[in-house]
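Enquirer: Sending over a structure as structure tokens; questions will come in a sec.
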Number of protein chains: 2
Amino acid sequence: MSTPMPNLATAAGPVLEFERRILDCVPEIEHWFRLQWQEHTPPFYCSVDLRNAGFKLAPVDTNLFPGGFNNLSEDTLPCAVQAAQVAIEHICPDAQRLVLIPERHTRNVHYLLNVARMVRILSSTGLQVRIGSLSQEITAPTAIGLPGGESLLVEPIVRNGRRLGLANFDPCVVLLNNDLSAGVPEILQGLDPAQTLLPPLHAGWCVRRKSNHFSCYDEVAGAFARLVQVDPWMINPLFARCGEVDFRDTASNECLVSQVDNLLAAIREKYRTYDIRQKPFVIVKADAGTYGMGIMTVHDAAEVAALNRRQRNKMAIVKEGLKVSEVIIQEGVPSYEKVEHGVAEPVVYMIDRYVVGGFYRVHPERGIDENLNAPGMHFVPLAFHCSCNLPDQRAAPGASALNRFYIYGVIGRLALLAAALELERFNPLNDLAAAGLAAAGATAPALAG
Amino acid sequence: MSTPMPNLATAAGPVLEFERRILDCVPEIEHWFRLQWQEHTPPFYCSVDLRNAGFKLAPVDTNLFPGGFNNLSEDTLPCAVQAAQVAIEHICPDAQRLVLIPERHTRNVHYLLNVARMVRILSSTGLQVRIGSLSQEITAPTAIGLPGGESLLVEPIVRNGRRLGLANFDPCVVLLNNDLSAGVPEILQGLDPAQTLLPPLHAGWCVRRKSNHFSCYDEVAGAFARLVQVDPWMINPLFARCGEVDFRDTASNECLVSQVDNLLAAIREKYRTYDIRQKPFVIVKADAGTYGMGIMTVHDAAEVAALNRRQRNKMAIVKEGLKVSEVIIQEGVPSYEKVEHGVAEPVVYMIDRYVVGGFYRVHPERGIDENLNAPGMHFVPLAFHCSCNLPDQRAAPGASALNRFYIYGVIGRLALLAAALELERFNPLNDLAAAGLAAAGATAPALAG
């Protein structure tokens, strides 16, 4: 507990009231989560980017293929292993062999360290873990060196009938750490349902939409806000979407301009209510996709109309050449956490229903209203130095890292629950069965309690 | 990882082979445990005293009402909380309020610190936790001061019809940390089955017998030894029992003398097989009971016949005035772990199916063949300084604390599984239903796999 905790520039007023509210409701909150997890299955793993504005604490991005496990403190490993054991017990108690499928860009050292950390966690649960690559460059088992002298053995993935595996290795579980931005490769399609694929293919960015996630989060945040009796806006960024944007064609951006305008007006209204003397802003980003490409901060709708060619091109393409035509416009939540004058953004990691740790992305040269997960962005990871599951009722408001991390864990789990709802509801298999279900009067399950 | 790990005087030969064997089988072992927990419900919590003789590593006592949680490292708290969450989800997902019933001797500071630690773990899962006392001295809510300035509020337990609780507090779960040596108090009898009582009453020492536990452990150790292909004796202390001993009447001790003699002969045979040049010994102790009272080390059956009056009296009575007439004679496992010349005995703690930590009892002035948990015995707790669930395949044999603690966790879990079997099989309710079950051809479940 000796590492410094980031400062909160505005650790007063609403944020302290909110902290008190959450801490007063710990039994109700944990009971509520237990009920939810009886109805909804959490994704195998998940990381959530949070923004703490003091007056507001909200998730801004929910990642179902989390990298960055290597940024968590070593101290969190035992809990991560235990959580992974629980997940395996729930999902596939008979599992003995697991293949992990990482991203194709297997030369990024940070990412490789993440893969190594995941292998260590999963192996410690007692699974035989091997790494299977979708990359066409990997045609034979290839040892990739890591800093520190260790290495990762990456093997070509092979298809045997309807089963996926490696040469002479037939896994019970295939765990994706590849977000499928470029679509679902044929080798992953039509697998034997007896072979557990985690997370399901429709968690990939080729299918997933941020706006679907945040519409589920609306519901979760609403129910939670009723439970702890706060304004749901305290934990929920407003958002809107536009389905057909062509950044290279100014004329087609009317929807975007008007949505930005509406959203800014709605935020301004909230700021007035709470006497927040800030300039509202929104973040415009691809509705599908990740890696912080194609993201911009907008303070005025006029900025959207006035984009120059370079900015347009930057917005038009995200990862793996995917074109952006659907965008989400999200309320900007300023980040008021600072570590030695750098802006800090917390990221919470979960396995199954358990928060296993987190870290801060610390950006030495970045503004409080900018996206902090942009491509090539330099950040310094600062691991949470204590646990997220030990609220300290005795601490003075705002003084305890245990309490701040507990609350981050609560908000992270709200986003996790939204992801669970999202994966249930936006499952392409549902569409196939929809007619039959509708005829039988069945509906997708709602939030419990 | 800076704290010293106890030395193993004989960290060579068999112990290293055994360590290698276990580490080679981690996937099989963890898979095997997963299968067992599908068939058998672990007790809510458990601590297991182990003895590491170098040539042998075995549990010698399994406690279903563990004290000493305060001796675990603070670092283990997050995992303990997570494990307790899993236990609550399994046992009573709807739980919100819990009453903890501690031992009556509520003035022992070490024990009070254990209670405080348990309250912290359980509260952090989101339960409202209060302490209910069976002591007749507690007639009103009483704050008991703890070193460090905090205090515990202990309240009189009250019975409302068939439900147990405190004034204006009706718990979903009642957790016993009182081993019921003196029998089951009337207030705990005939409770509403809808109110979960953990562990069940027949886990109390008024019903439980060490010999039943170790007969279940025989089965568990046998199955596990087949799995990892070692001699089950490597992990299992031989034992025998005598049902009617009166220590004050020398004539009634024939059974004891002959059992001691037989057991010593059997150990001698094993020592010959493995070329162990030690003098065998056995431990004679009450078959019911705890707290290390009524325990003696015997190297020769003649010693039993030659007990003096003081020794007889000491053996005849255990905790709360309970008379000893049933004894277990257990193979003595010498302890070869040392911390700065003190003998060290590991104790492993589990919640639900998870090892949450452990500590060494370090006895500065005690022999390697003596019981280390005797009344009034001075010991210095030395918390395990790293986790029990992170085996390190890369470490050299014998060199890694992670590996040694992992193996302790495996043996601890074997005893935990034996306790699960014991609670299933030696449940007085079974006797009531036995006739009907036998007629229907049903039998108690056996080990899976």
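Each chain in the structure tokens gets a letter, A, B, ..., in the order shown, and its residues are numbered from 1; ligands are numbered from 1 in order too.
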Taking only C-alpha atoms into account, what are the residues of chain B at most 6 Å from chain A, put as a list of chain:residue names?

Expert: B:Val26, B:Pro27, B:Glu30, B:Cys79, B:Ser124, B:Gly126, B:Leu127, B:Leu390

Enquirer: Tell me which protein, DNA and RNA residues are within 12 Å of Ile411 of chain A, counting only C-alpha atoms, leaving out same-chain ones fewer than 3 positions away, and put them as an MDAnalysis selection string.

Expert: chainID A and resid 19 22 29 33 47:52 56:62 217 220:221 224:225 232 234:236 346:350 355 388 404:408 414:418

Enquirer: Between atom CA of Glu303 of chain A and atom CA of Gly54 of chain A, what is the distance in Å, rounded to a tenth?

Expert: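 Computing the Euclidean distance for atom CA of Glu303 of chain A and atom CA of Gly54 of chain A yields 27.0 Å.
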
Enquirer: Which distance in Å separates atom CA of Arg209 of chain A and atom CA of Pro185 of chain A, to one decimal?

Expert: 18.9 Å

Enquirer: Just the alpha helix (DSSP H) stuff from segment 21-80 of chain B, please, per backbone DSSP, written as a PyMOL selection string.

Expert: chain B and resi 21-24+26-39+77-80

Enquirer: Compile the contact shell of Leu176 of chain A as an NGL selection string: residues with an atom at most 12 Å away, counting only C-alpha atoms, same-chain residues fewer than 3 positions apart removed.

Expert: :A and (43-46 or 64-67 or 98-104 or 115 or 118 or 131-134 or 173 or 179-180 or 184 or 188 or 196-204)

Enquirer: Quick one: residues within 12 Å of Asp249 of chain A, only C-alpha atoms counted, chain neighbours fewer than 4 positions away excluded, as a list of chain:residue names?

Expert: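 That gives A:Glu244, A:Val245, A:Asn253, A:Glu254, A:Val304, A:Ala305, A:Ala306, A:Leu307, A:Asn308, A:Arg309, A:Arg312, A:Asn313, A:Ala316, A:Ser325.
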
Enquirer: Between atom CA of Ala194 of chain A and atom CA of Asn178 of chain A, what is the distance in Å, rounded to a tenth?

Expert: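 Distance reported for this atom pair: 21.0 Å.
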
Enquirer: Could you check the closest approach to Val109 of chain A for each of A:Ala344, A:Leu152, A:Cys92, A:Val174 and tell me which residue wins, using only C-alpha atoms?

Expert: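 That would be A:Leu152, the residue with the smallest distance to Val109 of chain A.
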
Enquirer: Would you mind writing down, as a ChimeraX atom specification, each residue of segment 80-176 of chain B that DSSP on the backbone assigns to strand (DSSP E)?

Expert: /B:97-102,128-133,142-145,151-156,158-160,163-165,173-176

Enquirer: Could you name the residues that touch segment 259-268 of chain B at 7 Å or less, counting only C-alpha atoms, but leaving out those on the same chain fewer than 5 positions away, as number ranges by chain?

Expert: B: 240, 280-282, 301, 329
